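Below: one structure, written as structure tokens.
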Amino acid sequence: MKILVTGGCGFIGSHLVDRLVKESHKVKVYDSLEPQVHLGKKPSFLNKRAEYIFADIRNKNKLKEALKGIDIVFHLASQVGVGQSMYEIEKYVSHNLQGTALLLNLIVNMENKIKKIIVASSMSIYGEGAYLCTRCGLVHPQLRGERQLKKKAWEMKCPQCDRIVKNIPTSEDKPLFPTSIYATTKRSQEEMCLEVGLAYKIPTVALRYFNVYGPRQSLSNPYTGVAAIFLSRVKNNKPPLVFEDGKQSRDFVYVSDIVEASVLAMEKKEANYDFLNVGTGRCCTILDIAQTIISLYKKDLKPKILHRFRAGDVRHCYANISKAKKKLGFRPKVSFREGMIRLIEWSQNQKASDFTQKAHLELKIRGLAQ
Ligand code: UD1
């Protein structure tokens, strides 16, 4: 198959490209080499057996050229900082939505017919995860209000009876409540691809990736996910800065499991025209992440619990992966500890510049963090 991977120089994209090349597919990568992620240079890990087009996703001529002769499109190119998307609104909407619009527009108007589109969506479109109330049963509370957060009452409450509720796995039928511009663009990307796919009978699958971690995560980008941010702090002998009380949790999924699910979505037809969670089904606290990184690095550090909050953060969200299991036969293989060991091993020889405090300050100045 001839496969186009947009965002194929990125963290997830580059691993996907390696796997597709290994399976003897002809792979074309389309990537802008976003300076915030790549610091102005081509990453050393780019697969030499893939073809590369370095251009902006909104560049019509280049994207048209990239799509020539392609059978399958993986659409991963996106701006990915949640907090940053709240003050670089136009940039996020333009790259993520205009880019997707152009891609789809070209797909439906070109000569060769695309056989499949797989779009990278995100758990962030759910907003808060699903919860169980001892009195009211399954509930879907929305974000905690500022009054509650200012009182440092971190746990979620039942929207009906105000009791503290327990987090449970989030399944695909949970109502969507994006709480950032980034999440809104992810939701729209997913919907746009599925709508166009359905209308033109191009099998399309949206994969809702949970919190992905692993080698090649940008260690100098403070707008990236928490595992890379903490790693960069610890490597620089600084304590991880933990928001709230550290007991907030996510579903951390190792990048090779994400690649596995993505390839299964390409190969199998059972998930066509559908959206699926891709996570592990396990929930892990942010404090666990901080402590695991410190202990694997054997550093004499303690996470610094800030007892402050970041606007728009959800308290808990982890995946119910039954749909991916059933439709794709997906089984995550890498345990949390094994994944963390691999991440740490890789990071030993990587340069990591820590800009966390600058990023926190930026949020604070804008009233997006305490
Ligand atoms: C992350 C990604 C998002 C992706 C989603 C699902 C980023 C910025 N966010 O969102 O693109 O779609 O996973 O894969 O890449 N935290 C700290 N200290 C820090 C940074 C974060 O305590 O220095 C805490 C946050 O308050 C939050 C948790 O860690 O409670 C997770 O934050 P983050 O890694 O930004 O993830 P998500 O918001 O879940």
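Starting from 1 in every chain, residues are counted up; chains themselves are A, B, ... following the order of the structure tokens, and ligands are numbered from 1 as listed.
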Per DSSP on the backbone, what are the strand (DSSP E) residues of stretch 117-272 of chain A, as a ChimeraX atom specification?
-> /A:117-122,130-133,137-139,166-168,204-209,211-213,241-242,249-250,252-254
Close residues, A:Gln248 itself excluded, 6 Å, only C-alpha atoms, min 2 positions apart in chain, as a ChimeraX atom specification | /A:246,285,315-316
Assign secondary structure with DSSP using the backbone only, and return the residues of stretch 254-326 of chain A in alpha helix (DSSP H) as a PyMOL selection string.
-> chain A and resi 255-267+286-296+322-326
Using C-alpha atoms, can you export the residues from the last selection as a CSV table (one decimal), in the first residue's frame?
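Okay, part.csv is ready:
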```csv
chain,number,residue,atom,x,y,z
A,255,VAL,CA,3.5,4.6,22.0
A,256,SER,CA,4.0,1.1,20.4
A,257,ASP,CA,0.5,0.2,21.6
A,258,ILE,CA,-0.8,3.3,19.9
A,259,VAL,CA,0.9,2.2,16.7
A,260,GLU,CA,-0.5,-1.3,17.0
A,261,ALA,CA,-4.0,0.0,17.3
A,262,SER,CA,-3.5,2.4,14.4
A,263,VAL,CA,-2.2,-0.4,12.2
A,264,LEU,CA,-5.1,-2.7,13.2
A,265,ALA,CA,-7.5,0.1,12.3
A,266,MET,CA,-5.9,0.3,8.9
A,267,GLU,CA,-6.0,-3.4,8.3
A,286,ILE,CA,0.2,12.1,38.1
A,287,LEU,CA,2.1,11.7,41.4
A,288,ASP,CA,2.8,8.1,40.4
A,289,ILE,CA,4.3,9.3,37.1
A,290,ALA,CA,6.5,11.8,39.0
A,291,GLN,CA,7.7,9.3,41.6
A,292,THR,CA,8.3,6.5,39.0
A,293,ILE,CA,10.5,8.9,36.9
A,294,ILE,CA,12.5,10.0,39.9
A,295,SER,CA,13.0,6.5,41.2
A,296,LEU,CA,14.0,5.1,37.7
A,322,SER,CA,-13.8,-2.8,25.1
A,323,LYS,CA,-14.7,-1.4,21.7
A,324,ALA,CA,-11.2,-1.5,20.4
A,325,LYS,CA,-10.7,-5.0,21.9
A,326,LYS,CA,-13.9,-6.2,20.2
```
Enumerate as a count of residues only the residues within 7 Å of ligand 1, counting only C-alpha atoms and all ligand atoms.
-> 34
If we count only C-alpha atoms, what is near stretch 103-109 of chain A at a cut-off of 9 Å, once residues fewer than 2 positions away on the same chain are taken out, given as a PyMOL selection string?
-> chain A and resi 57-58+60+63-64+67+75+98-101+111-114+192-193+196-197+200
Would you export the selected residues with N, CA and C atoms as a CSV table (one decimal), in the first residue's frame, please?
```csv
chain,number,residue,atom,x,y,z
A,57,ILE,N,0.7,22.0,6.6
A,57,ILE,CA,-0.5,21.2,6.3
A,57,ILE,C,-1.5,22.1,5.5
A,58,ARG,N,-1.4,23.4,5.6
A,58,ARG,CA,-2.3,24.3,4.9
A,58,ARG,C,-1.8,24.7,3.5
A,60,LYS,N,-1.7,24.1,-0.1
A,60,LYS,CA,-2.5,23.4,-1.0
A,60,LYS,C,-1.7,22.6,-2.0
A,63,LEU,N,0.4,19.7,-0.5
A,63,LEU,CA,-0.4,18.6,0.0
A,63,LEU,C,-1.1,17.8,-1.2
A,64,LYS,N,-1.4,18.6,-2.2
A,64,LYS,CA,-1.9,17.9,-3.4
A,64,LYS,C,-0.9,17.0,-4.0
A,67,LEU,N,-0.5,13.8,-2.0
A,67,LEU,CA,-1.6,12.8,-2.1
A,67,LEU,C,-1.6,12.0,-3.3
A,75,HIS,N,-3.9,10.8,9.3
A,75,HIS,CA,-3.9,12.2,9.5
A,75,HIS,C,-3.5,12.5,11.0
A,98,GLN,N,-8.3,24.2,9.5
A,98,GLN,CA,-8.1,24.5,8.1
A,98,GLN,C,-7.3,23.4,7.4
A,99,GLY,N,-6.3,22.9,8.1
A,99,GLY,CA,-5.5,21.8,7.6
A,99,GLY,C,-6.3,20.6,7.2
A,100,THR,N,-7.2,20.2,8.1
A,100,THR,CA,-8.0,19.0,7.9
A,100,THR,C,-9.0,19.3,6.8
A,101,ALA,N,-9.5,20.5,6.7
A,101,ALA,CA,-10.5,20.9,5.7
A,101,ALA,C,-9.8,20.7,4.3
A,111,GLU,N,-8.1,12.4,-8.4
A,111,GLU,CA,-8.4,11.3,-9.3
A,111,GLU,C,-8.3,9.9,-8.6
A,112,ASN,N,-7.2,9.7,-8.0
A,112,ASN,CA,-7.1,8.4,-7.3
A,112,ASN,C,-8.0,8.4,-6.1
A,113,LYS,N,-8.6,7.2,-5.9
A,113,LYS,CA,-9.6,7.2,-4.7
A,113,LYS,C,-8.8,6.7,-3.5
A,114,ILE,N,-8.9,7.4,-2.4
A,114,ILE,CA,-8.3,7.0,-1.2
A,114,ILE,C,-9.2,5.8,-0.6
A,192,MET,N,-15.3,15.8,11.1
A,192,MET,CA,-15.1,16.2,9.7
A,192,MET,C,-14.7,15.0,8.9
A,193,CYS,N,-13.7,14.2,9.4
A,193,CYS,CA,-13.2,13.1,8.6
A,193,CYS,C,-14.3,12.0,8.5
A,196,VAL,N,-17.1,13.2,6.0
A,196,VAL,CA,-16.7,13.1,4.6
A,196,VAL,C,-16.5,11.6,4.2
A,197,GLY,N,-15.9,10.8,5.1
A,197,GLY,CA,-15.7,9.4,4.8
A,197,GLY,C,-17.0,8.7,4.5
A,200,TYR,N,-18.6,9.9,1.1
A,200,TYR,CA,-17.9,9.5,-0.1
A,200,TYR,C,-17.5,8.0,-0.1
```
Identify, on the basis of only C-alpha atoms, every residue whose closest approach to A:Glu88 does not exceed 12 Å; exclude the query and any residue fewer than 4 positions from it along the same chain; express the result as a list in words.
-> Gln79, Val80, Gly81, Val82, Gly83, Gln84, Tyr92, Val93, Ser94, His95, Ser180, Ile181, Tyr182, Glu362, Leu363 and Arg366 of chain A
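Proximity of A:Lys157, A:Lys304, A:Arg282, A:Lys364 to A:Pro239, computed with only C-alpha atoms, is greatest for A:Lys304.
Proximity to A:Leu149 at 10 Å, evaluated using only C-alpha atoms and with sequence-adjacent residues fewer than 2 positions away removed, yields Arg144, Gly145, Glu146, Arg147, Lys151, Lys152, Ala153, Trp154, Glu155, Glu244, His307, Arg308, Phe309, Arg310 and Ala311 of chain A.
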Could you write out that same residue set with N, CA, C and O atoms as a PDB file, in the first residue's frame?
```
ATOM      1  N   ARG A 144     -14.804  21.102  37.142  1.00  0.00           N
ATOM      2  CA  ARG A 144     -14.995  21.686  38.466  1.00  0.00           C
ATOM      3  C   ARG A 144     -14.979  23.207  38.356  1.00  0.00           C
ATOM      4  O   ARG A 144     -14.200  23.769  37.577  1.00  0.00           O
ATOM      5  N   GLY A 145     -15.824  23.847  39.126  1.00  0.00           N
ATOM      6  CA  GLY A 145     -15.882  25.316  39.075  1.00  0.00           C
ATOM      7  C   GLY A 145     -14.715  25.936  39.834  1.00  0.00           C
ATOM      8  O   GLY A 145     -14.067  25.273  40.654  1.00  0.00           O
ATOM      9  N   GLU A 146     -14.475  27.210  39.578  1.00  0.00           N
ATOM     10  CA  GLU A 146     -13.343  27.888  40.206  1.00  0.00           C
ATOM     11  C   GLU A 146     -13.488  27.944  41.731  1.00  0.00           C
ATOM     12  O   GLU A 146     -12.511  27.824  42.465  1.00  0.00           O
ATOM     13  N   ARG A 147     -14.753  28.086  42.193  1.00  0.00           N
ATOM     14  CA  ARG A 147     -14.967  28.167  43.650  1.00  0.00           C
ATOM     15  C   ARG A 147     -14.513  26.892  44.343  1.00  0.00           C
ATOM     16  O   ARG A 147     -13.831  26.914  45.350  1.00  0.00           O
ATOM     17  N   LYS A 151     -11.056  26.263  46.811  1.00  0.00           N
ATOM     18  CA  LYS A 151     -11.112  25.655  48.157  1.00  0.00           C
ATOM     19  C   LYS A 151     -10.234  24.407  48.236  1.00  0.00           C
ATOM     20  O   LYS A 151     -10.216  23.710  49.235  1.00  0.00           O
ATOM     21  N   LYS A 152      -9.565  24.083  47.144  1.00  0.00           N
ATOM     22  CA  LYS A 152      -8.717  22.889  47.023  1.00  0.00           C
ATOM     23  C   LYS A 152      -9.515  21.607  47.271  1.00  0.00           C
ATOM     24  O   LYS A 152      -8.998  20.624  47.806  1.00  0.00           O
ATOM     25  N   ALA A 153     -10.776  21.663  46.918  1.00  0.00           N
ATOM     26  CA  ALA A 153     -11.621  20.464  46.997  1.00  0.00           C
ATOM     27  C   ALA A 153     -11.502  19.799  45.631  1.00  0.00           C
ATOM     28  O   ALA A 153     -12.291  20.054  44.736  1.00  0.00           O
ATOM     29  N   TRP A 154     -10.440  18.993  45.486  1.00  0.00           N
ATOM     30  CA  TRP A 154     -10.067  18.531  44.148  1.00  0.00           C
ATOM     31  C   TRP A 154     -10.994  17.487  43.549  1.00  0.00           C
ATOM     32  O   TRP A 154     -11.176  17.434  42.339  1.00  0.00           O
ATOM     33  N   GLU A 155     -11.552  16.602  44.401  1.00  0.00           N
ATOM     34  CA  GLU A 155     -12.294  15.470  43.819  1.00  0.00           C
ATOM     35  C   GLU A 155     -13.621  15.908  43.186  1.00  0.00           C
ATOM     36  O   GLU A 155     -14.191  16.937  43.541  1.00  0.00           O
ATOM     37  N   GLU A 244      -2.499  20.533  41.610  1.00  0.00           N
ATOM     38  CA  GLU A 244      -3.500  19.989  42.539  1.00  0.00           C
ATOM     39  C   GLU A 244      -2.797  19.213  43.658  1.00  0.00           C
ATOM     40  O   GLU A 244      -1.795  19.679  44.177  1.00  0.00           O
ATOM     41  N   HIS A 307      -0.480  22.276  44.994  1.00  0.00           N
ATOM     42  CA  HIS A 307      -1.801  22.602  45.547  1.00  0.00           C
ATOM     43  C   HIS A 307      -2.408  23.803  44.811  1.00  0.00           C
ATOM     44  O   HIS A 307      -3.085  24.630  45.405  1.00  0.00           O
ATOM     45  N   ARG A 308      -2.061  23.919  43.541  1.00  0.00           N
ATOM     46  CA  ARG A 308      -2.638  24.957  42.684  1.00  0.00           C
ATOM     47  C   ARG A 308      -3.216  24.250  41.468  1.00  0.00           C
ATOM     48  O   ARG A 308      -2.913  23.080  41.238  1.00  0.00           O
ATOM     49  N   PHE A 309      -3.982  24.945  40.669  1.00  0.00           N
ATOM     50  CA  PHE A 309      -4.602  24.244  39.546  1.00  0.00           C
ATOM     51  C   PHE A 309      -4.374  24.958  38.225  1.00  0.00           C
ATOM     52  O   PHE A 309      -4.029  26.130  38.184  1.00  0.00           O
ATOM     53  N   ARG A 310      -4.581  24.187  37.157  1.00  0.00           N
ATOM     54  CA  ARG A 310      -4.479  24.711  35.803  1.00  0.00           C
ATOM     55  C   ARG A 310      -5.891  24.762  35.250  1.00  0.00           C
ATOM     56  O   ARG A 310      -6.627  23.773  35.371  1.00  0.00           O
ATOM     57  N   ALA A 311      -6.282  25.892  34.683  1.00  0.00           N
ATOM     58  CA  ALA A 311      -7.662  26.013  34.174  1.00  0.00           C
ATOM     59  C   ALA A 311      -7.920  24.950  33.099  1.00  0.00           C
ATOM     60  O   ALA A 311      -7.045  24.662  32.287  1.00  0.00           O
TER      61      ALA A 311
END
```
Rounded to one decimal place, report the atom CA of A:Thr204-atom CA of A:Glu191 distance in Å.
-> 10.4 Å
Skip A:Asp274 itself and residues of its chain fewer than 4 positions away, then list as a PDB file with C-alpha atoms, in the first residue's frame all residues within 8 Å of it, counting only C-alpha atoms.
```
ATOM      1  CA  LEU A 194     -16.070  10.713   9.592  1.00  0.00           C
ATOM      2  CA  THR A 204     -12.676   6.236   7.982  1.00  0.00           C
ATOM      3  CA  VAL A 205     -11.662   5.538  11.560  1.00  0.00           C
ATOM      4  CA  ALA A 206     -11.117   8.075  14.347  1.00  0.00           C
TER       5      ALA A 206
END
```
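Proximity to A:Tyr297 was assessed for A:Glu345, A:Glu338, A:Asp251, A:Asp31 counting only C-alpha atoms; the smallest distance is recorded for A:Glu345.
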List the neighbours of stretch 125-133 of chain A out to 7 Å using only C-alpha atoms; skip same-chain residues closer than 6 positions along the sequence, and give me the result as a PyMOL selection string.
-> chain A and resi 139-143+158+165-170+175-179+183-184+186-187+314-318
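Counting only C-alpha atoms, the residue from A:Ser347, A:Met110, A:Arg337, A:Phe275 that sits nearest to A:Glu195 is A:Phe275.
Distance-wise, atom CA of A:Ser353 and atom CA of A:Ser220 end up 4.8 Å apart.
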Compare A:Lys302, A:Ala319, A:Phe330, A:His25 by their minimum atom-to-atom distance to A:Glu270, counting only C-alpha atoms, and give me the closest one.
-> A:Phe330
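Minimum atom-to-atom distances from A:Arg49, A:Phe11, A:Thr6, A:Val278 to A:Glu23 were compared using only C-alpha atoms, and the lowest value belongs to A:Arg49.
In this model, the gap between atom CA of A:Leu343 and atom CA of A:Pro215 comes to 5.2 Å.
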